[in-house]
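S.K.: Provided herewith: final.cif, mmCIF, C-alpha atoms and all ligand atoms.
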```
data_protein
loop_
_atom_site.label_atom_id
_atom_site.label_comp_id
_atom_site.auth_asym_id
_atom_site.auth_seq_id
_atom_site.Cartn_x
_atom_site.Cartn_y
_atom_site.Cartn_z
CA MET A 413 19.27 -8.47 14.14
CA ASN A 414 16.30 -10.62 13.05
CA VAL A 415 13.16 -8.56 12.52
CA LEU A 416 9.74 -10.18 12.26
CA VAL A 417 7.56 -8.03 10.01
CA ILE A 418 3.84 -8.40 10.67
CA ASN A 419 1.08 -7.12 8.41
CA CYS A 420 -2.36 -7.84 9.88
CA GLY A 421 -5.45 -7.48 7.71
CA SER A 422 -8.98 -7.97 9.01
CA SER A 423 -8.91 -11.73 8.36
CA SER A 424 -5.33 -12.32 7.20
CA LEU A 425 -1.78 -11.97 8.47
CA LYS A 426 1.33 -11.71 6.31
CA PHE A 427 4.76 -12.10 7.87
CA GLN A 428 8.43 -12.06 6.95
CA LEU A 429 11.45 -12.78 9.08
CA ILE A 430 14.33 -10.65 7.80
CA ASP A 431 17.97 -10.43 8.86
CA ALA A 432 18.06 -6.63 9.06
CA GLU A 433 21.85 -6.36 8.77
CA SER A 434 22.25 -8.40 5.58
CA GLU A 435 18.65 -7.61 4.48
CA LYS A 436 18.21 -11.31 3.68
CA LEU A 437 14.78 -12.92 3.87
CA ILE A 438 14.82 -15.84 6.33
CA ALA A 439 11.21 -17.03 6.03
CA LYS A 440 7.83 -15.67 5.07
CA GLY A 441 4.21 -16.64 4.97
CA LEU A 442 0.56 -15.87 5.10
CA CYS A 443 -2.29 -16.87 7.42
CA GLU A 444 -5.66 -16.70 5.73
CA ARG A 445 -9.25 -16.89 6.94
CA ILE A 446 -8.53 -15.92 10.53
CA ALA A 447 -11.75 -16.26 12.56
CA ILE A 448 -13.45 -17.71 9.45
CA PRO A 449 -13.93 -21.45 8.79
CA GLY A 450 -11.25 -22.90 6.49
CA GLY A 451 -8.19 -21.23 8.06
CA ARG A 452 -4.75 -22.07 6.68
CA MET A 453 -1.17 -20.94 6.83
CA VAL A 454 1.26 -20.95 3.93
CA TYR A 455 4.82 -20.92 5.23
CA THR A 456 7.87 -20.57 3.00
CA SER A 457 11.39 -20.97 4.35
CA ALA A 458 14.38 -19.15 2.85
CA SER A 459 15.21 -22.15 0.66
CA GLY A 460 11.79 -21.75 -0.96
CA GLU A 461 10.31 -24.83 0.71
CA LYS A 462 6.56 -24.35 1.11
CA LYS A 463 4.44 -25.85 3.86
CA ILE A 464 0.69 -25.50 4.04
CA THR A 465 -1.02 -26.02 7.41
CA GLU A 466 -4.80 -26.29 7.43
CA LYS A 467 -5.88 -25.04 10.85
CA GLU A 468 -8.72 -22.99 12.23
CA MET A 469 -7.49 -19.75 13.83
CA GLY A 470 -9.99 -18.20 16.20
CA ASP A 471 -8.21 -14.84 16.25
CA HIS A 472 -4.95 -13.09 15.34
CA ARG A 473 -3.27 -14.29 18.51
CA GLU A 474 -3.77 -17.89 17.43
CA ALA A 475 -2.44 -17.00 13.96
CA ILE A 476 0.70 -15.45 15.46
CA ARG A 477 1.16 -18.47 17.72
CA LEU A 478 1.03 -20.67 14.61
CA VAL A 479 3.59 -18.45 12.86
CA LEU A 480 5.97 -18.64 15.83
CA GLU A 481 5.57 -22.43 15.99
CA ALA A 482 6.43 -22.70 12.28
CA LEU A 483 9.49 -20.44 12.66
CA THR A 484 10.82 -22.55 15.58
CA ASP A 485 9.71 -25.97 14.28
CA PRO A 486 12.61 -28.46 14.56
CA GLU A 487 12.07 -29.62 10.96
CA THR A 488 10.94 -26.64 8.90
CA GLY A 489 11.87 -23.85 11.29
CA VAL A 490 14.59 -21.26 10.77
CA ILE A 491 15.38 -20.25 14.36
CA ASP A 492 16.03 -22.38 17.45
CA SER A 493 13.79 -20.46 19.80
CA LEU A 494 11.86 -17.21 20.09
CA SER A 495 15.05 -15.51 21.27
CA GLY A 496 15.96 -15.63 17.56
CA ILE A 497 13.49 -12.77 17.04
CA ASP A 498 15.10 -9.49 18.12
CA ALA A 499 12.37 -7.04 17.15
CA VAL A 500 8.95 -6.90 15.52
CA GLY A 501 7.91 -4.33 12.91
CA HIS A 502 4.16 -3.82 12.53
CA ARG A 503 2.57 -2.29 9.48
CA ILE A 504 -0.09 0.12 10.74
CA VAL A 505 -2.52 1.53 8.22
CA HIS A 506 -3.68 4.79 9.82
CA GLY A 507 -1.61 7.02 12.04
CA GLY A 508 -3.77 10.13 11.59
CA GLU A 509 -1.79 13.28 12.35
CA HIS A 510 -0.04 11.59 15.28
CA PHE A 511 2.82 9.99 13.36
CA ALA A 512 5.07 11.51 10.69
CA GLY A 513 7.49 8.61 11.06
CA SER A 514 7.89 5.15 12.55
CA THR A 515 7.96 4.78 16.30
CA LEU A 516 8.65 2.36 19.14
CA ILE A 517 5.31 1.02 20.34
CA THR A 518 4.37 2.12 23.84
CA GLU A 519 1.06 2.31 25.69
CA GLU A 520 0.70 5.91 24.50
CA VAL A 521 1.36 4.91 20.89
CA LYS A 522 -1.26 2.17 21.14
CA ARG A 523 -3.74 4.74 22.45
CA ALA A 524 -3.08 6.95 19.42
CA ILE A 525 -3.49 3.98 17.05
CA ARG A 526 -6.76 3.16 18.80
CA GLU A 527 -7.92 6.76 18.31
CA CYS A 528 -7.41 6.29 14.56
CA CYS A 529 -9.68 3.20 14.44
CA GLU A 530 -12.64 5.28 13.34
CA LEU A 531 -10.59 6.50 10.37
CA ALA A 532 -9.64 2.95 9.31
CA PRO A 533 -12.25 0.63 10.85
CA LEU A 534 -11.24 -2.40 8.76
CA HIS A 535 -7.50 -2.10 9.34
CA ASN A 536 -6.42 -0.40 12.57
CA PRO A 537 -8.32 -2.75 14.92
CA ALA A 538 -6.60 -5.72 13.24
CA ASN A 539 -3.22 -3.97 13.51
CA LEU A 540 -3.80 -3.42 17.24
CA ILE A 541 -4.79 -7.04 17.80
CA GLY A 542 -1.54 -8.05 16.04
CA ILE A 543 0.51 -5.81 18.34
CA GLU A 544 -1.16 -7.09 21.49
CA ALA A 545 -0.84 -10.70 20.40
CA CYS A 546 2.90 -10.24 19.79
CA GLU A 547 3.30 -8.49 23.16
CA ALA A 548 1.63 -11.42 24.89
CA LEU A 549 3.64 -14.09 23.07
CA MET A 550 6.99 -12.28 22.94
CA PRO A 551 7.16 -10.16 26.10
CA GLY A 552 10.08 -7.75 26.20
CA VAL A 553 10.79 -7.87 22.47
CA PRO A 554 10.83 -4.30 21.07
CA MET A 555 8.00 -3.51 18.66
CA VAL A 556 7.94 -0.73 16.09
CA GLY A 557 4.91 0.74 14.30
CA VAL A 558 5.41 1.73 10.66
CA PHE A 559 2.50 3.77 9.35
CA ASP A 560 1.06 3.85 5.82
CA THR A 561 0.12 7.47 6.36
CA ALA A 562 3.42 8.75 7.81
CA PHE A 563 5.29 9.55 4.57
CA HIS A 564 2.41 11.77 3.44
CA GLN A 565 2.44 13.93 6.58
CA THR A 566 4.71 16.41 4.76
CA MET A 567 1.85 17.39 2.41
CA PRO A 568 1.11 21.10 2.67
CA GLU A 569 -2.25 22.26 3.97
CA GLU A 570 -3.50 23.23 0.51
CA ALA A 571 -2.99 19.62 -0.63
CA TYR A 572 -4.60 17.92 2.34
CA LEU A 573 -7.62 20.11 3.07
CA TYR A 574 -10.98 19.31 1.53
CA GLY A 575 -13.22 22.12 0.30
CA ILE A 576 -15.73 21.58 3.11
CA PRO A 577 -16.41 23.66 6.26
CA TYR A 578 -13.10 24.06 8.05
CA HIS A 579 -14.55 23.05 11.40
CA TYR A 580 -14.75 19.47 10.12
CA TYR A 581 -10.99 19.49 10.03
CA ARG A 582 -10.71 21.34 13.33
CA ASP A 583 -13.24 19.13 15.14
CA TYR A 584 -12.83 15.72 13.53
CA LYS A 585 -9.51 15.93 11.64
CA ILE A 586 -11.29 15.25 8.35
CA ARG A 587 -8.56 15.77 5.76
CA ARG A 588 -6.60 13.87 3.17
CA TYR A 589 -4.02 11.52 4.72
CA GLY A 590 -2.84 9.24 1.91
CA PHE A 591 -1.81 5.57 2.14
CA HIS A 592 0.83 3.16 0.74
CA GLY A 593 3.35 5.60 2.25
CA THR A 594 5.93 2.91 3.01
CA SER A 595 5.88 1.89 -0.65
CA HIS A 596 6.01 5.46 -1.97
CA ALA A 597 8.97 6.23 0.31
CA TYR A 598 10.84 3.04 -0.59
CA VAL A 599 10.28 3.42 -4.33
CA SER A 600 11.32 7.07 -4.41
CA GLY A 601 14.52 6.19 -2.57
CA ARG A 602 15.28 3.37 -5.01
CA ALA A 603 14.44 5.63 -7.97
CA ALA A 604 17.06 8.14 -6.82
CA ALA A 605 19.59 5.30 -6.50
CA LEU A 606 18.74 4.00 -9.99
CA LEU A 607 19.07 7.49 -11.45
CA GLY A 608 22.34 7.99 -9.54
CA ARG A 609 21.19 11.36 -8.19
CA PRO A 610 20.45 12.65 -4.68
CA ILE A 611 16.75 12.47 -3.85
CA GLU A 612 16.99 16.06 -2.55
CA GLU A 613 17.19 17.34 -6.13
CA LEU A 614 14.55 15.12 -7.75
CA LYS A 615 10.90 15.61 -8.62
CA LEU A 616 9.33 12.15 -8.74
CA ILE A 617 5.86 10.80 -9.42
CA VAL A 618 5.31 7.36 -7.92
CA CYS A 619 2.44 5.26 -9.34
CA HIS A 620 1.67 2.41 -6.94
CA LEU A 621 -0.71 0.42 -9.13
CA GLY A 622 -2.00 -2.71 -7.43
CA ASN A 623 -5.37 -3.91 -6.29
CA GLY A 624 -5.34 -0.74 -4.22
CA ALA A 625 -3.71 2.05 -6.19
CA SER A 626 -2.35 5.51 -5.49
CA VAL A 627 -0.06 8.12 -7.02
CA SER A 628 2.14 10.54 -5.16
CA ALA A 629 4.21 13.57 -5.93
CA VAL A 630 7.58 13.41 -4.18
CA LYS A 631 9.52 16.66 -4.40
CA TYR A 632 13.10 16.66 -3.11
CA GLY A 633 12.41 13.51 -1.06
CA LYS A 634 9.19 14.74 0.56
CA CYS A 635 5.64 13.87 -0.35
CA VAL A 636 3.79 17.00 -1.49
CA ASP A 637 0.58 15.36 -2.68
CA THR A 638 -1.03 11.95 -3.01
CA SER A 639 -4.21 10.60 -4.51
CA MET A 640 -5.76 8.73 -1.57
CA GLY A 641 -7.62 10.74 1.03
CA LEU A 642 -9.26 10.37 4.42
CA THR A 643 -9.56 6.69 3.48
CA PRO A 644 -8.05 4.56 0.70
CA LEU A 645 -11.21 5.12 -1.40
CA GLU A 646 -10.18 8.39 -3.04
CA GLY A 647 -8.10 8.83 -6.16
CA LEU A 648 -7.46 6.25 -8.86
CA VAL A 649 -9.90 3.69 -10.19
CA MET A 650 -8.81 0.54 -8.31
CA GLY A 651 -9.53 -3.19 -8.27
CA THR A 652 -12.96 -2.80 -6.67
CA ARG A 653 -12.81 0.79 -5.34
CA SER A 654 -14.26 3.68 -7.31
CA GLY A 655 -11.64 6.33 -6.59
CA ASP A 656 -12.78 9.94 -7.20
CA ILE A 657 -16.46 10.47 -7.85
CA ASP A 658 -18.85 13.39 -7.55
CA PRO A 659 -20.36 12.90 -4.04
CA ALA A 660 -23.75 13.66 -5.58
CA VAL A 661 -23.57 10.23 -7.25
CA MET A 662 -24.20 8.74 -3.81
CA GLU A 663 -27.32 10.84 -3.29
CA PHE A 664 -28.55 9.92 -6.78
CA ILE A 665 -28.16 6.16 -6.21
CA ALA A 666 -29.66 6.48 -2.71
CA HIS A 667 -32.82 8.04 -4.12
CA LYS A 668 -33.06 5.80 -7.17
CA GLU A 669 -32.56 2.53 -5.31
CA GLY A 670 -33.60 3.39 -1.76
CA LYS A 671 -30.15 2.51 -0.40
CA GLY A 672 -28.52 3.72 2.80
CA VAL A 673 -25.03 5.15 3.28
CA ASP A 674 -23.53 1.83 4.38
CA GLU A 675 -24.85 0.01 1.31
CA ILE A 676 -23.54 2.70 -1.00
CA MET A 677 -20.13 2.71 0.69
CA ASP A 678 -20.04 -1.03 0.17
CA ILE A 679 -20.76 -0.55 -3.55
CA LEU A 680 -18.00 2.07 -3.82
CA ASN A 681 -15.49 -0.10 -1.92
CA ARG A 682 -16.30 -3.60 -3.16
CA GLU A 683 -18.29 -3.47 -6.37
CA SER A 684 -16.73 -0.57 -8.23
CA GLY A 685 -13.31 0.10 -9.77
CA VAL A 686 -12.23 -2.02 -12.71
CA TYR A 687 -14.50 -4.79 -11.43
CA GLY A 688 -17.57 -2.58 -11.62
CA LEU A 689 -16.54 -0.84 -14.82
CA SER A 690 -16.06 -4.18 -16.56
CA ASP A 691 -19.62 -5.10 -15.54
CA GLY A 692 -18.38 -7.60 -12.96
CA PHE A 693 -16.02 -9.35 -15.39
CA SER A 694 -12.93 -9.20 -13.14
CA SER A 695 -10.96 -7.08 -10.70
CA ASP A 696 -7.79 -8.87 -11.79
CA PHE A 697 -5.71 -7.01 -14.37
CA ARG A 698 -4.43 -10.25 -15.89
CA ASP A 699 -7.98 -11.17 -16.92
CA LEU A 700 -8.65 -7.67 -18.14
CA GLU A 701 -5.48 -7.59 -20.23
CA GLU A 702 -6.27 -10.90 -21.83
CA ALA A 703 -9.75 -9.70 -22.75
CA TYR A 704 -8.32 -6.37 -23.95
CA GLY A 705 -6.05 -8.35 -26.26
CA LYS A 706 -9.15 -9.94 -27.79
CA GLY A 707 -10.71 -6.51 -28.22
CA GLU A 708 -13.51 -7.17 -25.74
CA GLU A 709 -15.39 -3.94 -25.22
CA ALA A 710 -15.76 -4.15 -21.43
CA ALA A 711 -12.03 -4.66 -20.93
CA VAL A 712 -11.11 -1.93 -23.43
CA ARG A 713 -13.26 0.73 -21.75
CA THR A 714 -12.11 -0.39 -18.29
CA LEU A 715 -8.38 -0.24 -18.95
CA LYS A 716 -8.76 3.04 -20.82
CA ALA A 717 -10.63 4.57 -17.88
CA PHE A 718 -8.05 3.22 -15.42
CA CYS A 719 -5.11 4.66 -17.39
CA HIS A 720 -6.92 7.95 -18.04
CA ARG A 721 -7.21 8.55 -14.29
CA VAL A 722 -3.52 7.74 -13.68
CA LEU A 723 -2.57 10.13 -16.49
CA LYS A 724 -4.72 12.88 -14.99
CA TYR A 725 -2.86 12.63 -11.69
CA ILE A 726 0.54 12.57 -13.41
CA GLY A 727 -0.38 15.78 -15.25
CA ALA A 728 -1.63 17.41 -12.07
CA TYR A 729 1.47 16.48 -10.09
CA ALA A 730 3.83 17.61 -12.86
CA ALA A 731 2.11 21.00 -12.71
CA GLN A 732 2.22 21.10 -8.90
CA MET A 733 5.94 20.31 -8.74
CA GLY A 734 6.84 22.49 -11.74
CA GLY A 735 8.30 19.52 -13.62
CA VAL A 736 9.16 15.86 -13.25
CA ASP A 737 12.42 13.96 -13.40
CA ALA A 738 10.92 10.48 -13.35
CA VAL A 739 7.59 8.67 -13.34
CA CYS A 740 7.96 5.42 -11.38
CA PHE A 741 5.72 2.35 -11.69
CA THR A 742 5.38 -0.17 -8.87
CA ALA A 743 3.11 -2.83 -7.24
CA GLY A 744 1.29 -5.74 -8.93
CA VAL A 745 0.10 -3.92 -12.04
CA GLY A 746 2.80 -1.24 -12.19
CA GLU A 747 5.57 -3.85 -12.01
CA ASN A 748 4.00 -6.51 -14.22
CA SER A 749 1.93 -4.86 -16.91
CA PRO A 750 3.79 -3.57 -19.96
CA LEU A 751 0.37 -2.86 -21.50
CA VAL A 752 -0.82 -0.51 -18.72
CA ARG A 753 2.57 1.24 -18.63
CA SER A 754 2.56 1.79 -22.37
CA MET A 755 -1.07 2.98 -22.37
CA ILE A 756 -0.12 5.61 -19.79
CA CYS A 757 3.27 6.58 -21.18
CA SER A 758 1.99 6.93 -24.75
CA SER A 759 0.47 10.24 -23.56
CA LEU A 760 3.60 11.45 -21.79
CA ALA A 761 5.72 12.51 -24.78
CA TRP A 762 5.22 16.10 -23.64
CA LEU A 763 7.34 15.23 -20.58
CA GLY A 764 9.98 13.73 -22.86
CA ILE A 765 8.98 10.13 -22.05
CA VAL A 766 9.14 7.70 -24.97
CA LEU A 767 9.08 4.04 -23.96
CA ASP A 768 11.82 1.62 -24.92
CA ASP A 769 9.77 -1.41 -25.90
CA GLY A 770 12.44 -3.95 -24.99
CA ALA A 771 13.04 -2.50 -21.52
CA ASN A 772 9.30 -2.21 -20.90
CA HIS A 773 9.02 -6.00 -21.22
CA VAL A 774 11.80 -6.84 -18.72
CA ARG A 775 10.33 -8.23 -15.49
CA GLY A 776 11.26 -8.28 -11.84
CA GLN A 777 14.04 -5.71 -11.73
CA GLU A 778 14.65 -2.01 -11.27
CA ILE A 779 14.93 -0.58 -14.75
CA VAL A 780 14.62 2.61 -16.82
CA ILE A 781 11.94 1.82 -19.42
CA SER A 782 12.10 5.08 -21.40
CA LYS A 783 14.52 5.92 -24.18
CA GLN A 784 17.49 8.10 -23.35
CA GLY A 785 16.81 11.77 -23.86
CA GLU A 786 16.63 15.20 -22.31
CA GLY A 787 13.25 14.92 -20.60
CA ALA A 788 11.78 12.88 -17.78
CA LYS A 789 12.36 9.14 -17.46
CA ALA A 790 9.95 6.28 -16.82
CA LEU A 791 11.11 3.65 -14.31
CA VAL A 792 9.90 0.31 -12.99
CA ILE A 793 10.84 -0.19 -9.33
CA PRO A 794 9.56 -3.36 -7.61
CA THR A 795 8.29 -2.30 -4.21
CA ASN A 796 9.29 -4.07 -1.00
CA GLU A 797 7.21 -2.80 1.89
CA GLU A 798 8.37 -5.58 4.21
CA LEU A 799 12.03 -4.74 3.73
CA ALA A 800 11.22 -1.06 4.26
CA ILE A 801 9.44 -1.95 7.53
CA ALA A 802 12.40 -4.11 8.62
CA ARG A 803 14.81 -1.23 7.91
CA GLU A 804 12.72 1.25 9.89
CA THR A 805 12.40 -1.21 12.78
CA TYR A 806 16.14 -1.89 12.81
CA ALA A 807 16.98 1.83 12.74
CA ILE A 808 14.62 2.66 15.59
CA VAL A 809 15.61 -0.26 17.82
CA GLN A 810 19.30 0.54 17.21
CA LYS A 811 18.75 4.13 18.27
CA GLY A 812 16.75 2.88 21.26
CA GLU A 813 14.11 5.56 20.62
P1 LIG A 901 -0.97 -5.91 -5.54
O1 LIG A 901 -2.19 -5.34 -4.86
O2 LIG A 901 0.18 -4.97 -5.59
O3 LIG A 901 -0.60 -7.27 -5.03
O4 LIG A 901 -1.40 -6.14 -7.07
C1 LIG A 901 -2.41 -7.01 -7.44
C2 LIG A 901 -2.79 -6.76 -8.88
O5 LIG A 901 -1.65 -6.96 -9.72
C3 LIG A 901 -3.88 -7.71 -9.39
O6 LIG A 901 -4.94 -6.97 -9.99
C4 LIG A 901 -3.17 -8.51 -10.45
O7 LIG A 901 -4.02 -8.76 -11.52
C5 LIG A 901 -2.07 -7.58 -10.92
N1 LIG A 901 -1.02 -8.36 -11.57
C6 LIG A 901 -0.21 -9.29 -11.03
N2 LIG A 901 0.57 -9.84 -11.99
C7 LIG A 901 0.23 -9.26 -13.17
C8 LIG A 901 0.65 -9.41 -14.52
N3 LIG A 901 1.59 -10.29 -14.84
N4 LIG A 901 0.04 -8.64 -15.45
C9 LIG A 901 -0.90 -7.75 -15.12
N5 LIG A 901 -1.35 -7.57 -13.87
C10 LIG A 901 -0.79 -8.31 -12.90
#
```
Starting from the file, lay out its structure as structure tokens.
M.R.:
Amino acid sequence: MNVLVINCGSSSLKFQLIDAESEKLIAKGLCERIAIPGGRMVYTSASGEKKITEKEMGDHREAIRLVLEALTDPETGVIDSLSGIDAVGHRIVHGGEHFAGSTLITEEVKRAIRECCELAPLHNPANLIGIEACEALMPGVPMVGVFDTAFHQTMPEEAYLYGIPYHYYRDYKIRRYGFHGTSHAYVSGRAAALLGRPIEELKLIVCHLGNGASVSAVKYGKCVDTSMGLTPLEGLVMGTRSGDIDPAVMEFIAHKEGKGVDEIMDILNRESGVYGLSDGFSSDFRDLEEAYGKGEEAAVRTLKAFCHRVLKYIGAYAAQMGGVDAVCFTAGVGENSPLVRSMICSSLAWLGIVLDDGANHVRGQEIVISKQGEGAKALVIPTNEELAIARETYAIVQKGE
């Protein structure tokens, strides 16, 4: 069964066509600058051949049309016709409390996704447009929604409630939801496989460290806490997002600079994180690491603050779960930065984690990076959200749910 995985951002669309039985990638690509001048699509076939098409895309439907044309193109295509696509898996950012798992997309499901638009105004509307565009262009093909929030729905009340008047939860469902759930679920499953133990007996901490970053506590296969909240702004210091701050900081800046809520939210979302901490030097960890290597003060304080926050969450989650079997690193920074991993793990000897320097420098594979011993282990697990979405889609379509 060929599954087309679609991940719609506000102005971008990533896709992968995956043979769900063999789990082989057939083709993948990215449409950028949708509804913005300068649109282009990068399409890569399974053989690694890349084709760049410069084309304006007025909306996501046009982008999906372009993707389908590329997949069926007589020269560069990988399928003869659209009947070569058996199902579509959509990444959906916010499922609120409606979805604790993936689901076949129906009119009712779309209504629930629409209800969550106010919780994820940048993402959910784009996800919905992607669904409707696929429905229009591939009528009758089953579609599955895979939600970033679903894996975290097992969090207990004490982990997801904020310390604010309870009626805000009752009336508006203001609570912590968590994101990157597909990645946290995939990585914890792979961690159990790498450790050769059933997930039902493991206490895992998953550090998804990318441009967006979050940590979660996964006890016996279920998420019991995670660092992101109502929105992906809470928790770790990220590329450009602040993560946790005292809410009074907003009031202080508002009074000092005469700014409104929207302007301050923009600062917290787009001008903060490692970008803001480094005084606008870079939000890219490769730049920061290089500058750190030269001892540049801005990069040193930034990476230290980033790692400090990750460490704080690891400590909190170890306490919450009453122990840890493994700390797992994933996503752009977690998978590729021996420096960040060693800065974090150098403070984890109390868990029994001592890094193996050689293993910590291996790239691109699932690996235990701590020395053998009695205590917890540190692992690197490359994430694969698209494969996870293809698996979920396959399972649901097979069951005919
Ligand atoms: P993601 O959001 O998971 O795609 O991760 C993006 C982040 O990963 C960016 O900040 C990159 O700087 C970072 N990244 C990618 N490759 C490396 C690398 N080799 N070393 C350090 N950071 C990296």
S.K.: Taking only C-alpha atoms and all ligand atoms and a cut-off of 8 Å, can you tell me which residues surround ligand LIG 901 (chain A), written as a ChimeraX atom specification?
M.R.: /A:620-625,651,695-699,701,742-750
S.K.: Which residues come within 10 Å of range 475-480 of chain A, counting only C-alpha atoms, excluding same-chain residues fewer than 5 positions away, as a CSV table (one decimal) with C-alpha atoms, in the frame of the given file?
M.R.:
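Just written: selection.csv:
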```csv
chain,number,residue,atom,x,y,z
A,416,LEU,CA,9.7,-10.2,12.3
A,418,ILE,CA,3.8,-8.4,10.7
A,420,CYS,CA,-2.4,-7.8,9.9
A,424,SER,CA,-5.3,-12.3,7.2
A,425,LEU,CA,-1.8,-12.0,8.5
A,426,LYS,CA,1.3,-11.7,6.3
A,427,PHE,CA,4.8,-12.1,7.9
A,428,GLN,CA,8.4,-12.1,7.0
A,440,LYS,CA,7.8,-15.7,5.1
A,441,GLY,CA,4.2,-16.6,5.0
A,442,LEU,CA,0.6,-15.9,5.1
A,443,CYS,CA,-2.3,-16.9,7.4
A,444,GLU,CA,-5.7,-16.7,5.7
A,445,ARG,CA,-9.2,-16.9,6.9
A,446,ILE,CA,-8.5,-15.9,10.5
A,447,ALA,CA,-11.8,-16.3,12.6
A,451,GLY,CA,-8.2,-21.2,8.1
A,452,ARG,CA,-4.8,-22.1,6.7
A,453,MET,CA,-1.2,-20.9,6.8
A,454,VAL,CA,1.3,-21.0,3.9
A,455,TYR,CA,4.8,-20.9,5.2
A,465,THR,CA,-1.0,-26.0,7.4
A,467,LYS,CA,-5.9,-25.0,10.8
A,468,GLU,CA,-8.7,-23.0,12.2
A,469,MET,CA,-7.5,-19.8,13.8
A,470,GLY,CA,-10.0,-18.2,16.2
A,485,ASP,CA,9.7,-26.0,14.3
A,489,GLY,CA,11.9,-23.8,11.3
A,491,ILE,CA,15.4,-20.2,14.4
A,493,SER,CA,13.8,-20.5,19.8
A,494,LEU,CA,11.9,-17.2,20.1
A,497,ILE,CA,13.5,-12.8,17.0
A,542,GLY,CA,-1.5,-8.0,16.0
A,545,ALA,CA,-0.8,-10.7,20.4
A,546,CYS,CA,2.9,-10.2,19.8
A,549,LEU,CA,3.6,-14.1,23.1
A,550,MET,CA,7.0,-12.3,22.9
```
S.K.: Of the candidates A:Ala790, A:Met755, A:Met413, A:Leu648, which one gets nearest to Asp768 in chain A if we count only C-alpha atoms?
M.R.: A:Ala790
S.K.: Just give me the gap between CA of Leu540 in chain A and CA of Gly590 in chain A in Å, one decimal is fine.
M.R.: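 Answer for the CA of Leu540 in chain A to CA of Gly590 in chain A separation: 19.9 Å.
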S.K.: Which value, in Å to one decimal, gives the distance between CA of Glu797 in chain A and CA of Ser690 in chain A?
M.R.: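 Between these atoms lies a distance of 29.7 Å.
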S.K.: By how many Å are CA of Gly593 in chain A and CA of Cys740 in chain A apart?
M.R.: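 These atoms are spaced 14.4 Å apart.
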S.K.: Which residue out of A:Arg588, A:Tyr598, A:Glu466, A:Met555 has the minimum interatomic distance to Glu509 in chain A when all atoms listed in the file are used?
M.R.: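 The shortest atom-to-atom distance to Glu509 in chain A comes from A:Arg588.
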S.K.: Compare A:Ala597, A:Ile430, A:Ile541, A:Ile676 by their minimum atom-to-atom distance to Gly633 in chain A, counting only C-alpha atoms, and give me the closest one.
M.R.: A:Ala597
S.K.: Would you please work out which residue, of A:Asn681, A:Ser782, A:Gln777, A:Ser422, is nearest to Cys757 in chain A when using all atoms listed in the file?
M.R.: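 Comparing A:Asn681, A:Ser782, A:Gln777, A:Ser422 against Cys757 in chain A, the winner is A:Ser782.
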S.K.: Please, which residues are within 9 Å of (0.2, -0.4, 11.8) by the file's coordinates, counting all atoms listed in the file, and could they come as a list of chain:residue names?
M.R.: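 Residues with an atom close enough to that point: A:Ile418, A:Asn419, A:Cys420, A:Gly501, A:His502, A:Arg503, A:Ile504, A:Val505, A:His506, A:Gly507, A:Ile525, A:His535, A:Asn536, A:Ala538, A:Asn539, A:Leu540, A:Gly542, A:Ile543, A:Val556, A:Gly557, A:Val558, A:Phe559, A:Asp560.
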S.K.: Compile the contact shell of Phe563 in chain A as a VMD selection string: residues with an atom at most 7 Å away, counting all atoms listed in the file, same-chain residues fewer than 3 positions apart removed.
M.R.: chain A and resid 512 to 513 566 593 to 594 597 635
S.K.: Pick from A:Leu642, A:Val809, A:Arg682, A:Ile756: nearest to Asp498 in chain A, with all atoms listed in the file counted?
M.R.: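 Closest candidate: A:Val809.
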